[in-house]
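Enquirer: Got a file for you: structure_14.cif, mmCIF, C-alpha atoms and all ligand atoms.
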```cif
data_upload
#
loop_
_atom_site.label_atom_id
_atom_site.label_comp_id
_atom_site.auth_asym_id
_atom_site.auth_seq_id
_atom_site.Cartn_x
_atom_site.Cartn_y
_atom_site.Cartn_z
CA MET A 660 -18.12 -17.30 16.86
CA SER A 661 -15.29 -18.11 14.46
CA GLN A 662 -14.88 -20.23 11.34
CA ILE A 663 -12.25 -22.58 10.06
CA LEU A 664 -10.27 -22.18 6.85
CA PRO A 665 -8.04 -25.18 6.12
CA LYS A 666 -4.70 -23.93 4.78
CA LYS A 667 -4.93 -26.30 1.82
CA ASN A 668 -8.07 -24.38 0.71
CA LEU A 669 -6.43 -20.96 0.72
CA LYS A 670 -5.29 -20.98 -2.92
CA GLN A 671 -8.75 -21.96 -4.09
CA LEU A 672 -10.35 -19.29 -1.92
CA LEU A 673 -8.06 -16.59 -3.33
CA SER A 674 -8.73 -17.84 -6.83
CA ASN A 675 -12.51 -17.66 -6.22
CA TRP A 676 -12.20 -14.14 -4.85
CA ALA A 677 -10.07 -13.13 -7.85
CA ALA A 678 -13.15 -13.38 -10.09
CA SER A 679 -14.61 -10.31 -8.38
CA TYR A 680 -11.72 -8.64 -6.55
CA GLU A 681 -8.17 -7.45 -7.08
CA ILE A 682 -6.22 -9.24 -4.36
CA TYR A 683 -2.98 -8.12 -2.75
CA ALA A 684 -1.06 -10.44 -0.43
CA PRO A 685 2.50 -10.63 0.94
CA GLN A 686 4.95 -12.30 -1.45
CA GLN A 687 8.70 -12.57 -1.31
CA LEU A 688 10.80 -10.12 -3.31
CA GLU A 689 14.51 -10.53 -2.67
CA LYS A 690 14.55 -11.25 1.04
CA PHE A 691 11.54 -9.15 2.02
CA ALA A 692 7.76 -9.52 2.04
CA HIS A 693 5.82 -7.12 -0.18
CA PHE A 694 2.14 -6.73 -0.92
CA MET A 695 1.76 -7.78 -4.55
CA PRO A 696 -1.20 -8.80 -6.73
CA THR A 697 -2.24 -12.45 -6.68
CA ASN A 698 -4.95 -14.63 -8.17
CA GLY A 699 -4.17 -17.54 -5.88
CA SER A 700 -1.44 -19.11 -8.01
CA GLU A 701 1.49 -17.21 -6.42
CA LEU A 702 3.42 -18.43 -3.41
CA LEU A 703 2.45 -16.30 -0.43
CA TYR A 704 4.93 -15.15 2.17
CA ILE A 705 2.74 -15.05 5.25
CA ASP A 706 4.36 -17.65 7.49
CA GLU A 707 7.20 -15.23 8.24
CA GLN A 708 6.30 -13.52 11.49
CA HIS A 709 6.81 -9.96 10.37
CA ASN A 710 5.08 -7.37 8.31
CA THR A 711 5.93 -6.32 4.76
CA ARG A 712 8.85 -3.97 4.19
CA PHE A 713 6.70 -1.38 2.41
CA PRO A 714 3.66 -0.49 4.49
CA PRO A 715 0.20 -1.08 3.03
CA LYS A 716 -0.36 2.69 2.97
CA ALA A 717 1.16 2.43 -0.52
CA LEU A 718 -2.03 0.64 -1.64
CA PHE A 719 -4.12 3.65 -0.63
CA LEU A 720 -1.69 6.55 -0.97
CA PRO A 721 0.75 5.45 -3.71
CA GLN A 722 4.34 6.62 -3.52
CA SER A 723 3.69 8.59 -6.68
CA GLU A 724 0.33 9.17 -8.32
CA THR A 725 -1.07 11.41 -11.03
CA LEU A 726 -3.84 13.63 -9.69
CA MET A 727 -4.66 15.49 -12.86
CA LYS A 728 -3.82 15.70 -16.56
CA TYR A 729 -3.94 19.01 -18.35
CA THR A 730 -3.31 20.63 -21.69
CA ARG A 731 -1.38 23.76 -22.67
CA PHE A 732 -4.72 25.47 -23.27
CA GLY A 733 -6.09 25.17 -19.74
CA ALA A 734 -8.27 22.05 -19.96
CA ALA A 735 -7.75 19.77 -16.98
CA GLN A 736 -9.10 16.42 -15.88
CA GLU A 737 -8.77 14.79 -12.47
CA THR A 738 -7.62 11.18 -12.54
CA ILE A 739 -9.53 9.70 -9.62
CA PRO A 740 -8.89 5.93 -9.72
CA GLU A 741 -11.69 3.57 -10.72
CA SER A 742 -10.43 0.36 -9.21
CA LYS A 743 -12.28 -2.94 -8.86
CA PRO A 744 -13.23 -3.98 -5.33
CA ARG A 745 -10.01 -5.09 -3.61
CA ILE A 746 -8.92 -7.42 -0.84
CA VAL A 747 -5.71 -6.90 1.08
CA PHE A 748 -5.02 -10.36 2.47
CA GLY A 749 -2.50 -11.06 5.22
CA ILE A 750 -2.26 -7.56 6.67
CA ARG A 751 -0.84 -7.47 10.20
CA PRO A 752 -2.78 -5.84 13.06
CA CYS A 753 -0.38 -2.88 13.40
CA ASP A 754 -0.81 -2.11 9.70
CA ALA A 755 -4.60 -2.44 9.67
CA LYS A 756 -4.70 -0.05 12.61
CA ALA A 757 -2.44 2.30 10.64
CA VAL A 758 -4.94 2.32 7.76
CA ASP A 759 -7.63 3.22 10.30
CA LEU A 760 -5.43 6.10 11.50
CA LEU A 761 -4.90 7.28 7.92
CA ASN A 762 -8.70 7.41 7.56
CA LEU A 763 -8.65 10.16 10.21
CA MET A 764 -6.53 12.24 7.85
CA PHE A 765 -7.97 11.35 4.43
CA LEU A 766 -11.50 10.12 5.01
CA THR A 767 -13.22 12.45 7.41
CA GLU A 768 -16.88 13.45 7.08
CA LYS A 769 -15.81 17.07 6.74
CA ASP A 770 -13.01 16.69 4.26
CA SER A 771 -12.17 13.60 2.23
CA ASP A 772 -9.35 13.04 -0.22
CA PRO A 773 -11.15 11.61 -3.30
CA TYR A 774 -8.11 9.61 -4.48
CA TYR A 775 -7.63 7.91 -1.10
CA GLN A 776 -11.39 7.50 -0.69
CA ALA A 777 -11.79 5.75 -4.07
CA ARG A 778 -9.29 3.07 -3.01
CA ARG A 779 -10.13 2.75 0.68
CA LYS A 780 -13.88 2.43 0.27
CA LYS A 781 -13.46 -0.48 -2.13
CA THR A 782 -10.92 -2.41 -0.07
CA ALA A 783 -11.50 -5.17 2.47
CA LEU A 784 -8.72 -5.90 4.96
CA ILE A 785 -8.24 -9.56 5.90
CA GLY A 786 -5.62 -9.73 8.61
CA ILE A 787 -3.42 -12.36 10.13
CA GLY A 788 -2.28 -12.18 13.75
CA CYS A 789 1.33 -12.58 14.80
CA ASN A 790 1.99 -15.83 16.69
CA ILE A 791 5.62 -14.86 17.28
CA PRO A 792 6.14 -11.08 17.17
CA CYS A 793 9.51 -9.67 16.05
CA PRO A 794 11.87 -8.22 18.65
CA SER A 795 11.32 -4.77 17.09
CA CYS A 796 7.50 -4.90 17.46
CA PHE A 797 5.94 -2.80 20.19
CA CYS A 798 2.25 -2.72 19.26
CA THR A 799 1.15 -3.46 22.83
CA THR A 800 2.83 -0.25 24.04
CA VAL A 801 0.71 1.87 21.69
CA GLU A 802 -2.81 0.61 22.28
CA SER A 803 -2.79 -2.38 19.94
CA GLY A 804 -1.56 -5.96 20.02
CA PRO A 805 -0.43 -8.92 17.89
CA PHE A 806 -4.09 -9.94 17.48
CA GLY A 807 -5.58 -6.42 17.47
CA ARG A 808 -8.69 -6.18 15.30
CA GLN A 809 -8.91 -2.46 14.57
CA GLY A 810 -9.54 -1.67 10.91
CA MET A 811 -10.02 -5.28 9.79
CA ASP A 812 -12.91 -7.12 8.16
CA ALA A 813 -11.64 -10.48 9.41
CA LEU A 814 -8.69 -11.68 11.47
CA LEU A 815 -6.99 -15.06 11.01
CA THR A 816 -5.13 -17.00 13.68
CA ASP A 817 -2.59 -19.50 12.37
CA LEU A 818 -3.17 -22.92 13.96
CA GLU A 819 -0.69 -24.99 11.89
CA ASP A 820 -2.96 -26.75 9.33
CA ILE A 821 -5.89 -24.38 9.64
CA TYR A 822 -6.68 -20.71 10.13
CA LEU A 823 -9.26 -19.76 12.69
CA VAL A 824 -11.18 -16.89 11.08
CA ARG A 825 -12.88 -14.28 13.21
CA THR A 826 -15.11 -12.20 10.94
CA LEU A 827 -15.55 -8.63 12.11
CA THR A 828 -17.77 -6.91 9.53
CA GLN A 829 -20.50 -7.88 7.10
CA THR A 830 -17.89 -7.87 4.32
CA GLY A 831 -15.79 -10.33 6.31
CA LYS A 832 -18.83 -12.55 6.91
CA THR A 833 -19.67 -12.60 3.20
CA LEU A 834 -16.11 -13.46 2.17
CA PHE A 835 -15.94 -16.47 4.49
CA ALA A 836 -19.62 -17.48 4.35
CA GLU A 837 -18.96 -21.00 3.07
CA TYR A 838 -16.59 -22.07 5.84
CA PRO A 839 -17.67 -24.14 8.86
CA GLU A 840 -17.82 -22.90 12.43
CA ALA A 841 -14.88 -23.59 14.69
CA THR A 842 -15.22 -26.08 17.52
CA GLU A 843 -14.81 -25.00 21.14
CA ALA A 844 -11.44 -26.77 21.23
CA GLN A 845 -10.22 -24.80 18.19
CA GLU A 846 -11.43 -21.53 19.74
CA ALA A 847 -9.55 -22.40 22.92
CA GLU A 848 -6.39 -23.27 20.98
CA ALA A 849 -6.51 -19.91 19.17
CA LYS A 850 -6.99 -18.08 22.46
CA ALA A 851 -3.95 -19.83 23.91
CA VAL A 852 -1.85 -18.88 20.86
CA GLN A 853 -2.97 -15.26 21.18
CA GLN A 854 -2.22 -15.09 24.89
CA ARG A 855 1.21 -16.68 24.40
CA SER A 856 2.02 -14.12 21.72
CA LEU A 857 1.00 -11.21 23.96
CA LYS A 858 3.47 -12.37 26.60
CA LEU A 859 6.32 -12.27 24.06
CA ILE A 860 6.14 -8.47 23.71
CA ASP A 861 7.61 -6.43 26.54
CA PRO A 862 6.42 -2.85 27.13
CA ALA A 863 8.82 -0.66 25.15
CA PHE A 864 8.35 2.63 27.03
CA GLU A 865 5.84 4.44 29.21
CA THR A 866 3.22 6.38 27.24
CA LYS A 867 1.37 7.82 30.23
CA GLY A 868 2.47 11.43 30.52
CA LEU A 869 4.85 11.07 27.56
CA LYS A 870 3.28 13.90 25.57
CA ALA A 871 3.74 16.33 28.45
CA LYS A 872 7.36 15.25 28.83
CA LEU A 873 8.06 15.77 25.14
CA ASP A 874 6.28 19.13 25.09
CA SER A 875 8.20 20.40 28.11
CA ASN A 876 11.54 19.22 26.68
CA PHE A 877 11.18 20.80 23.27
CA GLU A 878 14.60 22.49 23.53
CA ASN A 879 16.35 19.64 25.33
CA ALA A 880 19.88 18.73 24.24
CA LEU A 881 18.78 15.11 23.72
CA TRP A 882 17.36 16.08 20.33
CA GLN A 883 20.83 17.09 19.17
CA LYS A 884 22.28 13.86 20.51
CA PHE A 885 19.81 11.74 18.51
CA ALA A 886 20.16 13.93 15.42
CA ASP A 887 23.96 13.55 15.46
CA SER A 888 23.69 9.99 14.18
CA CYS A 889 20.76 10.56 11.79
CA LEU A 890 21.65 10.51 8.08
CA GLY A 891 18.49 12.29 6.99
CA CYS A 892 17.70 9.46 4.55
CA GLY A 893 13.95 9.47 5.33
CA ILE A 894 13.61 5.67 5.44
CA CYS A 895 11.93 5.84 8.85
CA THR A 896 9.13 7.98 7.46
CA PHE A 897 8.76 6.46 3.98
CA LEU A 898 8.36 3.00 5.51
CA CYS A 899 6.16 4.17 8.37
CA PRO A 900 2.54 3.05 7.84
CA THR A 901 1.12 6.23 9.42
CA CYS A 902 3.39 8.89 7.86
CA PHE A 903 1.39 10.53 5.12
CA CYS A 904 3.17 13.73 4.07
CA PHE A 905 3.28 14.40 0.37
CA ASP A 906 4.36 17.01 -2.13
CA ILE A 907 2.49 18.01 -5.28
CA ALA A 908 4.45 18.86 -8.40
CA ASP A 909 3.57 19.75 -11.99
CA GLU A 910 5.42 17.51 -14.43
CA ALA A 911 5.25 20.03 -17.25
CA GLN A 912 6.57 17.73 -20.00
CA ARG A 913 4.06 15.01 -19.14
CA LYS A 914 1.39 17.65 -18.51
CA GLU A 915 0.48 15.94 -15.28
CA ARG A 916 0.05 17.07 -11.71
CA VAL A 917 1.64 14.43 -9.51
CA ARG A 918 1.56 13.69 -5.79
CA ASN A 919 4.70 12.12 -4.33
CA TRP A 920 5.50 10.95 -0.81
CA ASP A 921 7.60 13.49 1.04
CA THR A 922 9.28 13.44 4.43
CA CYS A 923 9.92 15.88 7.23
CA MET A 924 13.38 14.29 7.51
CA PHE A 925 14.48 16.13 4.33
CA ARG A 926 15.92 19.65 4.59
CA THR A 927 13.85 20.89 1.68
CA TYR A 928 10.57 19.72 3.20
CA SER A 929 10.14 22.85 5.28
CA LEU A 930 12.27 25.20 3.18
CA GLU A 931 10.20 28.26 2.34
CA ALA A 932 10.34 30.30 -0.87
CA SER A 933 12.09 33.10 1.02
CA GLN A 934 14.85 30.53 1.81
CA HIS A 935 13.91 30.66 5.50
CA ASN A 936 13.76 27.16 6.94
CA PRO A 937 11.99 26.66 10.27
CA ARG A 938 13.65 23.22 10.58
CA PRO A 939 17.14 24.04 9.36
CA THR A 940 19.06 21.13 10.91
CA ARG A 941 18.53 17.45 11.66
CA ARG A 942 17.89 18.37 15.29
CA GLU A 943 14.60 20.07 14.42
CA ARG A 944 13.71 17.39 11.87
CA THR A 945 14.35 14.47 14.23
CA ARG A 946 12.29 16.26 16.86
CA GLN A 947 9.49 16.84 14.36
CA ARG A 948 9.24 13.13 13.49
CA VAL A 949 8.97 12.02 17.09
CA MET A 950 6.81 14.92 18.30
CA HIS A 951 4.40 14.44 15.42
CA LYS A 952 3.74 10.83 16.42
CA PHE A 953 3.65 11.26 20.18
CA SER A 954 2.43 14.83 20.71
CA TYR A 955 0.86 16.52 17.67
CA TRP A 956 -1.32 13.55 16.69
CA LEU A 957 -2.74 13.68 20.21
CA ASP A 958 -3.45 17.40 19.79
CA HIS A 959 -5.23 16.84 16.49
CA VAL A 960 -7.13 13.55 16.88
CA ASN A 961 -6.36 12.38 20.42
CA LYS A 962 -4.49 9.30 19.16
CA ILE A 963 -0.84 8.28 19.17
CA GLY A 964 0.33 8.33 15.55
CA CYS A 965 2.43 5.17 15.85
CA THR A 966 1.23 1.57 15.77
CA GLY A 967 4.45 -0.04 16.97
CA CYS A 968 5.07 -1.81 13.65
CA GLY A 969 8.82 -1.60 14.23
CA ARG A 970 9.80 -0.67 10.67
CA CYS A 971 11.64 2.51 11.64
CA VAL A 972 13.59 0.44 14.19
CA ARG A 973 14.41 -2.39 11.75
CA TYR A 974 15.34 -0.37 8.69
CA CYS A 975 17.13 2.74 10.01
CA PRO A 976 20.64 2.34 8.57
CA VAL A 977 22.27 3.75 11.70
CA GLY A 978 20.05 1.98 14.23
CA LEU A 979 18.26 5.03 15.63
CA ASP A 980 15.57 3.42 17.76
CA ILE A 981 12.45 5.46 18.54
CA ARG A 982 11.79 3.25 21.60
CA ALA A 983 15.18 4.10 23.09
CA MET A 984 14.69 7.79 22.30
CA LEU A 985 11.38 7.85 24.15
CA ARG A 986 12.81 5.90 27.09
CA GLU A 987 15.51 8.56 27.41
CA PHE A 988 12.87 11.26 27.58
CA ASN A 989 11.02 9.35 30.27
CA GLN A 990 14.22 8.96 32.25
CA LEU A 991 15.24 12.60 31.84
CA GLU A 992 11.96 13.80 33.24
CA ALA A 993 12.43 11.50 36.24
CA GLU A 994 15.94 12.83 36.80
CA VAL A 995 14.68 16.41 36.69
CA ALA A 996 11.81 15.56 39.04
CA ASN A 997 14.12 13.78 41.50
CA GLY A 998 16.83 16.40 41.31
S1 LIG B 1 16.03 6.10 8.94
FE1 LIG B 1 17.47 6.64 10.58
S2 LIG B 1 19.12 7.75 9.53
FE2 LIG B 1 17.38 7.70 8.10
S3 LIG B 1 16.29 9.65 8.53
FE3 LIG B 1 15.33 8.06 9.80
S4 LIG B 1 16.38 8.21 11.80
FE4 LIG B 1 17.66 9.31 10.27
S1 LIG B 2 6.94 5.37 14.08
FE1 LIG B 2 8.10 3.49 13.58
S2 LIG B 2 7.14 1.88 14.83
FE2 LIG B 2 5.71 3.63 14.81
S3 LIG B 2 4.29 3.18 13.13
FE3 LIG B 2 5.97 4.46 12.27
S4 LIG B 2 7.50 3.00 11.48
FE4 LIG B 2 6.09 1.85 12.82
#
```
Please express the file's structure as structure tokens.
Expert:
Amino acid sequence: MSQILPKKNLKQLLSNWAASYEIYAPQQLEKFAHFMPTNGSELLYIDEQHNTRFPPKALFLPQSETLMKYTRFGAAQETIPESKPRIVFGIRPCDAKAVDLLNLMFLTEKDSDPYYQARRKKTALIGIGCNIPCPSCFCTTVESGPFGRQGMDALLTDLEDIYLVRTLTQTGKTLFAEYPEATEAQEAEAKAVQQRSLKLIDPAFETKGLKAKLDSNFENALWQKFADSCLGCGICTFLCPTCFCFDIADEAQRKERVRNWDTCMFRTYSLEASQHNPRPTRRERTRQRVMHKFSYWLDHVNKIGCTGCGRCVRYCPVGLDIRAMLREFNQLEAEVANG
């Protein structure tokens, strides 16, 4: 059963929530959507049918964060955040799924990252489905969809003047408790919107058997071909909602230990103290990015490490398209098999 939130009530709802929660929602900065704080009075940027430029991972694993402060005399204090309960409103299904995937890295029963945990455990995710997916979206290829529910507390479907709200957890139910139930006609309208949206996304590449193809073509010349146009700028990984690599540095003047996002697309990422570098050229680094998502994640947690959000496709300055790369690997394997 779903509920109805009239769009004209949204500001008031956010304002009510703001009494007890920090709220983040997409707002326009220059020509892009970004998650920024709101108390209901800001203009939201959620009618645009694409996700934010920066992924919401930044709300859980900030681009740069202080882990510890210390003194010259050896005293040290961890700086685990003490945030208020938070709501991330307007997160897209690919990005909510990405947060769920990050949990597998930072929030396991065996080994949790206390900084990530402090933020994640206090955050509710209220999503909005994508009525008209972008041409660069390929969520349906990687086990999700424009109305996927994974990781969310509630999912909204935009029906012009109203949102149909499907609550998915107790937190979601509590947040929308005061809103009336949807009628059968409204449920049917939402279903039609969702089905229409699904049909707008074509399969981007074949995932069945893809890992084996990548593993068996580790030394293939295609990696060099793709790497030839790569600039090594790292945008594809910094903006990826599931990339989580970081570096830890001591900022001696500030007397702080700081964690910063890092990327396997940089030469220095794998440079060892001996000056040996196991990934000395862009060929190895391009291969690492793709293999990590579509082979190594499967080895570690039996999941593809990509949610099809399309950011790496949209923002790569030279137009390197991971979908096209993977299609070429599929084709190559077929050529070998047929030859
Ligand atoms: S965004 Fe494009 S050019 Fe930059 S590192 Fe990634 S693949 Fe290379
Ligand atoms: S690899 Fe590209 S499409 Fe996949 S989750 Fe990362 S940025 Fe999105």
Enquirer: Using all atoms listed in the file, find each residue with an atom at most 8 Å away from ligand LIG 1 (chain B) and format the answer as a list in words.
Expert: Ala886, Ser888, Cys889, Leu890, Gly891, Cys892, Gly893, Ile894, Cys895, Thr896, Met924, Phe925, Thr945, Cys971, Tyr974, Cys975, Pro976, Val977, Gly978, Leu979 and Asp980 of chain A
Enquirer: Given the choices A:Cys904, A:Cys923, A:Leu814, A:Cys899, which gets closest to ligand LIG 2 (chain B) if the distance is worked out from only C-alpha atoms and all ligand atoms?
Expert: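 Checking each candidate against ligand LIG 2 (chain B), we get A:Cys899 as the closest.
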Enquirer: Can you write out as CSV which residues of region 805-895 of chain A fall within 12 Å of region 700-724 of chain A, alongside each residue's closest atom pair and its distance in Å to one decimal, counting all atoms listed in the file and ordering rows by chain and ascending residue number?
Expert:
```
residue,atom,partner,partner_atom,distance
A:Pro805,CA,A:Gln708,CA,10.4
A:Leu815,CA,A:Ile705,CA,11.3
A:Thr816,CA,A:Asp706,CA,11.3
A:Asp817,CA,A:Asp706,CA,8.7
A:Leu818,CA,A:Asp706,CA,11.2
A:Glu819,CA,A:Asp706,CA,9.9
A:Asp820,CA,A:Asp706,CA,11.8
A:Tyr822,CA,A:Asp706,CA,11.8
A:Ser856,CA,A:Gln708,CA,11.1
A:Ile894,CA,A:Phe713,CA,10.3
A:Cys895,CA,A:Phe713,CA,11.0
```
Enquirer: Set out as CSV a contact list for chain A and ligand LIG 2 (chain B) with a cut-off of 8 Å, giving each residue of chain A that qualifies its closest atom pair and distance in Å to one decimal, counting only C-alpha atoms and all ligand atoms, ordered by chain and rising residue number.
Expert:
```
residue,atom,partner,partner_atom,distance
A:Cys753,CA,B:LIG2,S3,7.7
A:Ala757,CA,B:LIG2,S3,7.2
A:Cys796,CA,B:LIG2,S2,7.3
A:Phe797,CA,B:LIG2,S2,7.2
A:Cys895,CA,B:LIG2,S4,5.9
A:Thr896,CA,B:LIG2,S4,6.6
A:Leu898,CA,B:LIG2,S4,6.0
A:Cys899,CA,B:LIG2,S4,3.6
A:Pro900,CA,B:LIG2,S3,5.6
A:Thr901,CA,B:LIG2,S3,5.8
A:Cys902,CA,B:LIG2,FE3,6.8
A:Val949,CA,B:LIG2,S1,7.6
A:Lys952,CA,B:LIG2,S1,6.7
A:Gly964,CA,B:LIG2,S3,6.9
A:Cys965,CA,B:LIG2,FE2,3.8
A:Thr966,CA,B:LIG2,S3,4.4
A:Gly967,CA,B:LIG2,S2,3.9
A:Cys968,CA,B:LIG2,FE4,3.9
A:Gly969,CA,B:LIG2,S2,3.9
A:Arg970,CA,B:LIG2,S4,4.4
A:Cys971,CA,B:LIG2,FE1,4.2
A:Val972,CA,B:LIG2,FE1,6.3
A:Ile981,CA,B:LIG2,FE1,6.9
```
Enquirer: Quick one: pull the distance between CA of Arg946 (chain A) and CA of His959 (chain A), Å, one decimal.
Expert: 17.5 Å
Enquirer: Report the closest atom pair, with its distance in Å rounded to one decimal, for each residue of region 756-814 of chain A that has an atom no farther than 12 Å from region 679-690 of chain A; count only C-alpha atoms, sort by chain and then rising residue number, and write it as a tab-separated table.
Expert:
```
residue	atom	partner	partner_atom	distance
A:Arg778	CA	A:Glu681	CA	11.3
A:Lys781	CA	A:Tyr680	CA	9.4
A:Thr782	CA	A:Tyr680	CA	9.0
A:Ala783	CA	A:Ile682	CA	9.5
A:Leu784	CA	A:Tyr683	CA	9.9
A:Ile785	CA	A:Ala684	CA	9.6
A:Gly786	CA	A:Ala684	CA	10.1
A:Ile787	CA	A:Ala684	CA	11.0
```
Enquirer: CA of Asp874 (chain A) and CA of Cys798 (chain A) are how many Å apart?
Expert: 23.0 Å
Enquirer: Could you give me, as JSON, numbers by chain, the residues that sit within 12 Å of (16.1, 9.4, 28.6) in the file's coordinates, counting only C-alpha atoms?
Expert: {"A": [864, 865, 869, 872, 873, 876, 879, 880, 881, 882, 884, 885, 981, 982, 983, 984, 985, 986, 987, 988, 989, 990, 991, 992, 993, 994, 995]}
Enquirer: Write out the residues from the selection above, keeping C-alpha atoms, as a PDB file, in the coordinates of the input.
Expert:
```pdb
ATOM      1  CA  PHE A 864       8.350   2.630  27.030  1.00  0.00           C
ATOM      2  CA  GLU A 865       5.840   4.440  29.210  1.00  0.00           C
ATOM      3  CA  LEU A 869       4.850  11.070  27.560  1.00  0.00           C
ATOM      4  CA  LYS A 872       7.360  15.250  28.830  1.00  0.00           C
ATOM      5  CA  LEU A 873       8.060  15.770  25.140  1.00  0.00           C
ATOM      6  CA  ASN A 876      11.540  19.220  26.680  1.00  0.00           C
ATOM      7  CA  ASN A 879      16.350  19.640  25.330  1.00  0.00           C
ATOM      8  CA  ALA A 880      19.880  18.730  24.240  1.00  0.00           C
ATOM      9  CA  LEU A 881      18.780  15.110  23.720  1.00  0.00           C
ATOM     10  CA  TRP A 882      17.360  16.080  20.330  1.00  0.00           C
ATOM     11  CA  LYS A 884      22.280  13.860  20.510  1.00  0.00           C
ATOM     12  CA  PHE A 885      19.810  11.740  18.510  1.00  0.00           C
ATOM     13  CA  ILE A 981      12.450   5.460  18.540  1.00  0.00           C
ATOM     14  CA  ARG A 982      11.790   3.250  21.600  1.00  0.00           C
ATOM     15  CA  ALA A 983      15.180   4.100  23.090  1.00  0.00           C
ATOM     16  CA  MET A 984      14.690   7.790  22.300  1.00  0.00           C
ATOM     17  CA  LEU A 985      11.380   7.850  24.150  1.00  0.00           C
ATOM     18  CA  ARG A 986      12.810   5.900  27.090  1.00  0.00           C
ATOM     19  CA  GLU A 987      15.510   8.560  27.410  1.00  0.00           C
ATOM     20  CA  PHE A 988      12.870  11.260  27.580  1.00  0.00           C
ATOM     21  CA  ASN A 989      11.020   9.350  30.270  1.00  0.00           C
ATOM     22  CA  GLN A 990      14.220   8.960  32.250  1.00  0.00           C
ATOM     23  CA  LEU A 991      15.240  12.600  31.840  1.00  0.00           C
ATOM     24  CA  GLU A 992      11.960  13.800  33.240  1.00  0.00           C
ATOM     25  CA  ALA A 993      12.430  11.500  36.240  1.00  0.00           C
ATOM     26  CA  GLU A 994      15.940  12.830  36.800  1.00  0.00           C
ATOM     27  CA  VAL A 995      14.680  16.410  36.690  1.00  0.00           C
TER      28      VAL A 995
END
```
Enquirer: Please compute the CA of Ser742 (chain A)-CA of Pro696 (chain A) distance, one decimal, in Å.
Expert: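 Value for the CA of Ser742 (chain A)-CA of Pro696 (chain A) distance: 13.2 Å.
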Enquirer: Would you please work out which residue, of A:Met660, A:Ala777, A:Leu761, A:Val852, is nearest to Leu827 (chain A) when using only C-alpha atoms?
Expert: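 Checking each of A:Met660, A:Ala777, A:Leu761, A:Val852 against Leu827 (chain A), counting only C-alpha atoms, the winner is A:Met660.
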Enquirer: Could you list, as a list in words, every residue within 12 Å of Gln912 (chain A), counting all atoms listed in the file and ignoring same-chain residues fewer than 4 positions away?
Expert: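 Within the cut-off, the hits are Lys728, Tyr729, Thr730, Arg731, Ala908 and Arg916 of chain A.
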Enquirer: Find the axis-aligned box for region 813-828 of chain A, covering all its listed atoms and adding 8 Å on each side, and write its centre and edge lengths in Å to one decimal as lines of an AutoDock Vina configuration file.
Expert:
```
center_x = -9.2
center_y = -16.8
center_z = 11.6
size_x = 33.1
size_y = 35.8
size_z = 20.6
```
